[in-house]
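Engineer: Next up is a structure, given as structure tokens.
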Amino acid sequence: MSKIKKIGILTSGGDCGGLNAAIRSIFFRAKTKYNMDVYGIRDGTIGLAKRPPDVQKLTRNIFRGYLLRQGGTFLGSNNKDNPFKFQKKGKIIDTSKLIIEGYKSLNLDGLIIIGGDGSMKILKKLAMKGKMNIVAIPKTIDNDVGATENSIGFHTAIDVATQALDNLQSTAASHRRSMILEVMGRDAGHIALHAGIAGGADVILIPEIKYSIKGIINKLNEMKENKIQHSLIIVAEAVKKENGLKVIQKYINDEKRLGGIGEYIASEIMKKTDIECRVTTLGHVQRGAPPTANDRILASAFGVYAVDLLAKKNFNRMVAWNNRRVVDVPIDKGIKTYRNVKRNDPLVETALSLGTYIGDIK
Ligand code: F6P
């Protein structure tokens with residue numbers, strides 16, 4: 001049986017803290033344990049569609065120091081690169097064949113893909129079509145990939161959001177205001193829930209649990225009665241208005257993105273009370289921040305394990321974090337079992353016990 005000698009890495013989907021740490025770990029494991037050649041593919045699958053394919057042979061020098069500490073991905077990524085529906089000059093074309101041919105032309109024995117559930121789904125489909133040997137590493141600040149307790153990037157995002165609450169607390173207290181922090185999380189409320197607890201939010205709003213404006217106002221009034229005139233509210237971008245409508249921003253190119261629920265909550269509170277609100281939307285600082293120690297460790301452990309899977313020709317697997325160690329599961333399990341916040345998550349109970357309003361109407 002021939003050995004795995006030459007492997008590729010690509011990062012796909014939205015970037016996050018810890019991607020460079022993962023690439024570094026893959027390189028060192030592949031080089032030192034197996035003496036493999038490692039190629040970084042630029043801009044996700046887009047690099048494989050170029051002629052010649054846009055790749056970089058990785059060397060020790062690249063990882064001399066700062067990359068481990070840096071957010072983002074030095075290889076580049078793209079969250080609009082679905083090759084089966086690629087948009088080019090206003091037209092939708094299928095570039096999957098081009099990508100598969102690009103992969104074949106590099107004579108790679110295997111490919112490690114670092115991505116969220118969307119990217120994994122696409123790469124799995126490509127791998128099936130082109131007989132590509134893939135192993136996946138989950139990354140997403142939303143932490144919504146199934147079958148893993150943690151994905152790369154999540155801890156960094158929680159840390160940024162917690163620091164933001166820390167900074168907002170003093171200004172909230174100085175002006176006796178209610179400060180509303182809108183955080184990312186396309187469908188899941190993990191960032192808001194975790195940062196809300198760590199940063200002492202009085203109100204945590206997540207898409208998985210229904211809230212009411214009355215419930216929020218009751219909480220703020222109760223605080224006022226106890227002579228606390230300032231408060232912190234954290235809200236996930238995917239939380240809907242009370243009437244169930246999503247809050248979406250439309251951009252000039254007709255693109256629609258989540259955003260604005262913080263402003264909605266602020267205006268509802270201000271319409272119905274004399275409480276002054278201010279809104280901070282955290283946005284992409286949650287993605288671009290230097291990775292926390294936790295994310296660097298997770299990324300490093302994932303990288304080593306992923307290379308070992310390739311070396312054993314154990315393809316179509318996803319590495320996962322389970323009970324404080326790395327394990328592997330079929331990629332399909334990561335794709336198909338979406339992970340959002342469950343009502344019975346112990347952290348929901350933790351937030352409630354801290355006196356936080358977290359919804360369920362009232
Ligand atoms: O899925 C990760 C994520 O950061 C979401 O939390 C957010 O809604 C989205 O990506 C933003 O994507 P973009 O970089 O396209 O604005």
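Chain labels A, B, ... are given in the sequence in which chains occur in the structure tokens; within each chain residues are numbered consecutively from 1, and ligands are likewise numbered from 1 in the order shown.
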Near A:Phe84, within 9 Å and counting only C-alpha atoms, which residues show up once chain neighbours fewer than 4 positions away are dropped, as a list in words?

Structural biologist: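 My reading of the contact set: Ile92, Ile93, Asp94, Thr95, Ser96, Ile122 and Leu126 of chain A.
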
Engineer: Tell me, which residues of stretch 3-213 of chain A carry DSSP strand (DSSP E), written as a ChimeraX atom specification?

Structural biologist: /A:6-11,37-41,55-57,86-88,91-93,110-115,134-138,178-183,203-205

Engineer: Keeping C-alpha atoms, export the residues of the selection given above as a PDB file, in the first residue's frame.

Structural biologist:
ATOM      1  CA  LYS A   6       2.175  14.856  -0.108  1.00  0.00           C
ATOM      2  CA  ILE A   7      -0.760  16.613   1.534  1.00  0.00           C
ATOM      3  CA  GLY A   8      -2.666  19.854   1.125  1.00  0.00           C
ATOM      4  CA  ILE A   9      -4.412  22.150   3.611  1.00  0.00           C
ATOM      5  CA  LEU A  10      -7.152  24.626   2.936  1.00  0.00           C
ATOM      6  CA  THR A  11      -9.185  26.958   5.135  1.00  0.00           C
ATOM      7  CA  ASP A  37       5.426  17.532   1.952  1.00  0.00           C
ATOM      8  CA  VAL A  38       2.739  20.007   2.896  1.00  0.00           C
ATOM      9  CA  TYR A  39       1.090  22.481   0.544  1.00  0.00           C
ATOM     10  CA  GLY A  40      -1.126  25.356   1.639  1.00  0.00           C
ATOM     11  CA  ILE A  41      -3.929  26.123  -0.819  1.00  0.00           C
ATOM     12  CA  VAL A  55      -0.559  26.881  -3.632  1.00  0.00           C
ATOM     13  CA  GLN A  56       2.426  27.442  -1.394  1.00  0.00           C
ATOM     14  CA  LYS A  57       4.839  24.768  -0.222  1.00  0.00           C
ATOM     15  CA  PHE A  86     -19.998  29.712  -8.134  1.00  0.00           C
ATOM     16  CA  GLN A  87     -20.918  33.313  -8.984  1.00  0.00           C
ATOM     17  CA  LYS A  88     -18.911  34.805 -11.831  1.00  0.00           C
ATOM     18  CA  LYS A  91     -23.727  34.195 -13.691  1.00  0.00           C
ATOM     19  CA  ILE A  92     -23.869  31.004 -11.624  1.00  0.00           C
ATOM     20  CA  ILE A  93     -21.490  28.317 -12.864  1.00  0.00           C
ATOM     21  CA  GLY A 110      -4.725  13.791   0.896  1.00  0.00           C
ATOM     22  CA  LEU A 111      -6.274  17.094   1.897  1.00  0.00           C
ATOM     23  CA  ILE A 112      -7.046  18.547   5.312  1.00  0.00           C
ATOM     24  CA  ILE A 113      -9.927  20.974   5.215  1.00  0.00           C
ATOM     25  CA  ILE A 114     -10.529  23.398   8.044  1.00  0.00           C
ATOM     26  CA  GLY A 115     -14.093  24.671   7.898  1.00  0.00           C
ATOM     27  CA  ILE A 134     -10.132  14.358   2.884  1.00  0.00           C
ATOM     28  CA  VAL A 135     -10.061  14.801   6.647  1.00  0.00           C
ATOM     29  CA  ALA A 136     -11.883  17.729   8.302  1.00  0.00           C
ATOM     30  CA  ILE A 137     -11.124  20.018  11.240  1.00  0.00           C
ATOM     31  CA  PRO A 138     -14.118  21.978  12.595  1.00  0.00           C
ATOM     32  CA  SER A 178     -28.463  50.115  29.618  1.00  0.00           C
ATOM     33  CA  MET A 179     -25.724  48.981  27.265  1.00  0.00           C
ATOM     34  CA  ILE A 180     -26.719  46.486  24.602  1.00  0.00           C
ATOM     35  CA  LEU A 181     -24.064  44.327  22.993  1.00  0.00           C
ATOM     36  CA  GLU A 182     -24.939  42.544  19.733  1.00  0.00           C
ATOM     37  CA  VAL A 183     -22.721  39.544  19.057  1.00  0.00           C
ATOM     38  CA  VAL A 203     -30.108  40.012  30.113  1.00  0.00           C
ATOM     39  CA  ILE A 204     -29.021  37.314  27.640  1.00  0.00           C
ATOM     40  CA  LEU A 205     -31.030  36.896  24.463  1.00  0.00           C
TER      41      LEU A 205
END

Engineer: Show me which residues sit within 8 Å of ligand 1 when counting only C-alpha atoms and all ligand atoms, and put them as a list in words.

Structural biologist: Gly13, Gly14, Asp15, Cys16, Asn79, Lys80, Gly116, Thr140, Ile141, Asp142, Val183, Met184, Gly185, Arg186, Asp187, Glu237, Ala238, Arg257, Leu258, Gly283, His284, Gln286 and Arg287 of chain A

Engineer: Can I get the selection written as a compact mmCIF listing (two decimals), in the first residue's frame, with C-alpha atoms?

Structural biologist:
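Final output, out-v5.txt:
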# COMPACT_ATOMS: atom_id res chain seq x y z
CA GLY A 13 -15.67 29.67 5.29
CA GLY A 14 -15.49 32.61 7.69
CA ASP A 15 -12.10 33.04 9.35
CA CYS A 16 -11.53 32.92 13.12
CA ASN A 79 -17.28 32.03 2.53
CA LYS A 80 -18.85 32.44 -0.90
CA GLY A 116 -17.56 24.94 9.38
CA THR A 140 -16.48 28.32 13.66
CA ILE A 141 -16.96 31.10 16.16
CA ASP A 142 -20.64 30.06 16.30
CA VAL A 183 -22.72 39.54 19.06
CA MET A 184 -22.40 37.10 16.17
CA GLY A 185 -23.98 33.66 15.92
CA ARG A 186 -25.84 33.07 12.67
CA ASP A 187 -28.29 30.53 14.08
CA GLU A 237 -27.56 38.58 15.95
CA ALA A 238 -29.98 35.76 15.07
CA ARG A 257 -26.97 39.79 6.37
CA LEU A 258 -28.11 39.54 9.96
CA GLY A 283 -19.00 42.29 14.40
CA HIS A 284 -15.83 40.86 12.95
CA GLN A 286 -14.84 38.44 17.23
CA ARG A 287 -13.26 36.69 14.28

Engineer: Could you list, as a list in words, every residue within 6 Å of A:Arg317, counting only C-alpha atoms and ignoring same-chain residues fewer than 3 positions away?

Structural biologist: Val135, Val329, Pro330 and Ile331 of chain A

Engineer: Which residues come within 8 Å of A:Gly130, counting only C-alpha atoms, excluding same-chain residues fewer than 2 positions away, as a PyMOL selection string?

Structural biologist: chain A and resi 97+100+126-128+132

Engineer: Store the residues picked out above in a file with C-alpha atoms, as a PDB file, in the first residue's frame.

Structural biologist:
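Listing of part_36.pdb after writing:
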ATOM      1  CA  LYS A  97     -14.667  19.817 -12.187  1.00  0.00           C
ATOM      2  CA  ILE A 100     -11.049  18.421  -8.813  1.00  0.00           C
ATOM      3  CA  LEU A 126     -16.399  17.478  -4.002  1.00  0.00           C
ATOM      4  CA  ALA A 127     -14.426  14.625  -2.443  1.00  0.00           C
ATOM      5  CA  MET A 128     -17.105  12.084  -3.403  1.00  0.00           C
ATOM      6  CA  MET A 132     -10.334  13.183  -3.065  1.00  0.00           C
TER       7      MET A 132
END

Engineer: So that I can see what lies close to A:Leu232, please list as a PyMOL selection string the residues with an atom at most 10 Å from it, counting only C-alpha atoms and leaving out residues fewer than 6 positions away in the same chain.

Structural biologist: chain A and resi 165-166+168-169+172-173+177-181+196+199-204+220+277

Engineer: Mind writing the picked residues with C-alpha atoms as a PDB file, in the first residue's frame?

Structural biologist:
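The resulting file, result-v8.pdb, is reproduced below:
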ATOM      1  CA  LEU A 165     -18.960  43.575  28.331  1.00  0.00           C
ATOM      2  CA  ASP A 166     -16.173  44.404  30.798  1.00  0.00           C
ATOM      3  CA  LEU A 168     -19.196  48.498  28.667  1.00  0.00           C
ATOM      4  CA  GLN A 169     -19.869  47.965  32.360  1.00  0.00           C
ATOM      5  CA  ALA A 172     -22.976  51.917  31.681  1.00  0.00           C
ATOM      6  CA  ALA A 173     -22.496  52.621  35.390  1.00  0.00           C
ATOM      7  CA  ARG A 177     -27.507  53.451  31.029  1.00  0.00           C
ATOM      8  CA  SER A 178     -28.463  50.115  29.618  1.00  0.00           C
ATOM      9  CA  MET A 179     -25.724  48.981  27.265  1.00  0.00           C
ATOM     10  CA  ILE A 180     -26.719  46.486  24.602  1.00  0.00           C
ATOM     11  CA  LEU A 181     -24.064  44.327  22.993  1.00  0.00           C
ATOM     12  CA  GLY A 196     -23.140  36.755  28.906  1.00  0.00           C
ATOM     13  CA  GLY A 199     -19.258  39.158  31.480  1.00  0.00           C
ATOM     14  CA  GLY A 200     -22.100  39.372  33.992  1.00  0.00           C
ATOM     15  CA  ALA A 201     -24.883  40.358  31.600  1.00  0.00           C
ATOM     16  CA  ASP A 202     -28.251  41.083  33.232  1.00  0.00           C
ATOM     17  CA  VAL A 203     -30.108  40.012  30.113  1.00  0.00           C
ATOM     18  CA  ILE A 204     -29.021  37.314  27.640  1.00  0.00           C
ATOM     19  CA  LEU A 220     -34.518  46.324  34.364  1.00  0.00           C
ATOM     20  CA  CYS A 277     -29.885  52.663  25.916  1.00  0.00           C
TER      21      CYS A 277
END

Engineer: For the atom pair atom CA of A:Val160 and atom CA of A:Gly17, what is the interatomic distance in Å to one decimal place?

Structural biologist: 10.7 Å

Engineer: Identify, on the basis of only C-alpha atoms, every residue whose closest approach to A:Glu101 does not exceed 12 Å; exclude the query and any residue fewer than 6 positions from it along the same chain; express the result as a JSON list (two decimals) with N, CA and C atoms, in the first residue's frame.

Structural biologist:
[["chain", "number", "residue", "atom", "x", "y", "z"],
["A", 45, "THR", "N", -11.28, 26.69, -1.80],
["A", 45, "THR", "CA", -11.29, 25.94, -3.06],
["A", 45, "THR", "C", -10.93, 26.82, -4.27],
["A", 47, "GLY", "N", -8.34, 28.50, -4.77],
["A", 47, "GLY", "CA", -6.94, 28.24, -5.13],
["A", 47, "GLY", "C", -6.80, 27.03, -6.04],
["A", 48, "LEU", "N", -7.68, 26.06, -5.86],
["A", 48, "LEU", "CA", -7.61, 24.84, -6.70],
["A", 48, "LEU", "C", -8.21, 25.07, -8.08],
["A", 49, "ALA", "N", -9.04, 26.12, -8.19],
["A", 49, "ALA", "CA", -9.67, 26.39, -9.49],
["A", 49, "ALA", "C", -8.74, 27.21, -10.39],
["A", 50, "LYS", "N", -7.69, 27.78, -9.81],
["A", 50, "LYS", "CA", -6.77, 28.61, -10.62],
["A", 50, "LYS", "C", -5.80, 27.74, -11.41],
["A", 51, "ARG", "N", -5.23, 28.29, -12.48],
["A", 51, "ARG", "CA", -4.24, 27.57, -13.28],
["A", 51, "ARG", "C", -2.99, 28.41, -13.42],
["A", 52, "PRO", "N", -1.85, 27.96, -12.93],
["A", 52, "PRO", "CA", -1.72, 26.76, -12.11],
["A", 52, "PRO", "C", -2.41, 26.97, -10.76],
["A", 53, "PRO", "N", -2.75, 25.89, -10.04],
["A", 53, "PRO", "CA", -3.39, 26.05, -8.75],
["A", 53, "PRO", "C", -2.56, 26.96, -7.84],
["A", 95, "THR", "N", -18.02, 25.02, -10.87],
["A", 95, "THR", "CA", -16.56, 24.93, -11.06],
["A", 95, "THR", "C", -15.99, 23.67, -10.40],
["A", 107, "ASN", "N", -1.07, 16.20, -7.55],
["A", 107, "ASN", "CA", -0.69, 14.85, -7.08],
["A", 107, "ASN", "C", -0.71, 14.72, -5.56],
["A", 108, "LEU", "N", -1.72, 15.32, -4.96],
["A", 108, "LEU", "CA", -1.82, 15.23, -3.50],
["A", 108, "LEU", "C", -2.37, 13.86, -3.11],
["A", 126, "LEU", "N", -17.51, 17.42, -3.03],
["A", 126, "LEU", "CA", -16.40, 17.48, -4.00],
["A", 126, "LEU", "C", -15.55, 16.21, -3.92],
["A", 127, "ALA", "N", -15.28, 15.79, -2.67],
["A", 127, "ALA", "CA", -14.43, 14.63, -2.44],
["A", 127, "ALA", "C", -15.07, 13.37, -3.02],
["A", 129, "LYS", "N", -17.24, 13.28, -5.50],
["A", 129, "LYS", "CA", -17.25, 13.40, -6.96],
["A", 129, "LYS", "C", -15.85, 13.13, -7.54],
["A", 130, "GLY", "N", -14.80, 13.67, -6.86],
["A", 130, "GLY", "CA", -13.47, 13.60, -7.44],
["A", 130, "GLY", "C", -12.55, 12.59, -6.79],
["A", 131, "LYS", "N", -13.11, 11.74, -5.94],
["A", 131, "LYS", "CA", -12.30, 10.74, -5.22],
["A", 131, "LYS", "C", -11.10, 11.40, -4.52],
["A", 132, "MET", "N", -11.39, 12.49, -3.81],
["A", 132, "MET", "CA", -10.33, 13.18, -3.06],
["A", 132, "MET", "C", -10.31, 12.62, -1.64]]

Engineer: For a quick check of understanding, using only C-alpha atoms, which of A:Asn167, A:Ile23, A:Ala198, A:Val319 has the smallest distance to A:Leu354?

Structural biologist: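 The shortest atom-to-atom distance to A:Leu354 comes from A:Ala198.
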
Engineer: What is the atom CA of A:Tyr338-atom CA of A:Asn322 distance in Å, reported with one decimal?

Structural biologist: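 Separation of atom CA of A:Tyr338 and atom CA of A:Asn322: 15.8 Å.
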
Engineer: Can you work out which one of A:Pro83, A:Leu193, A:Lys124, A:Phe74 has the shortest atom-to-atom distance to A:Asp332, counting only C-alpha atoms?

Structural biologist: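 When distances to A:Asp332 are compared using only C-alpha atoms, the smallest one comes from A:Lys124.
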
Engineer: Give me every helix (DSSP H, G or I) residue in stretch 228-299 of chain A, going by DSSP on the backbone, as a list of chain:residue names.

Structural biologist: A:Ile261, A:Gly262, A:Glu263, A:Tyr264, A:Ile265, A:Ala266, A:Ser267, A:Glu268, A:Ile269, A:Met270, A:Lys271, A:Lys272, A:Val285, A:Gln286, A:Arg287, A:Gly288, A:Ala293, A:Asn294, A:Asp295, A:Arg296, A:Ile297, A:Leu298, A:Ala299

Engineer: Which is closest to A:Lys3 among A:Asp54, A:Asp109, A:Asp159, A:Asp43, if we use only C-alpha atoms?

Structural biologist: A:Asp109

Engineer: One decimal, Å: what's the distance from atom CA of A:Lys246 over to atom CA of A:Lys333, could you say?

Structural biologist: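 If I compute the distance from atom CA of A:Lys246 to atom CA of A:Lys333, I get 28.4 Å.
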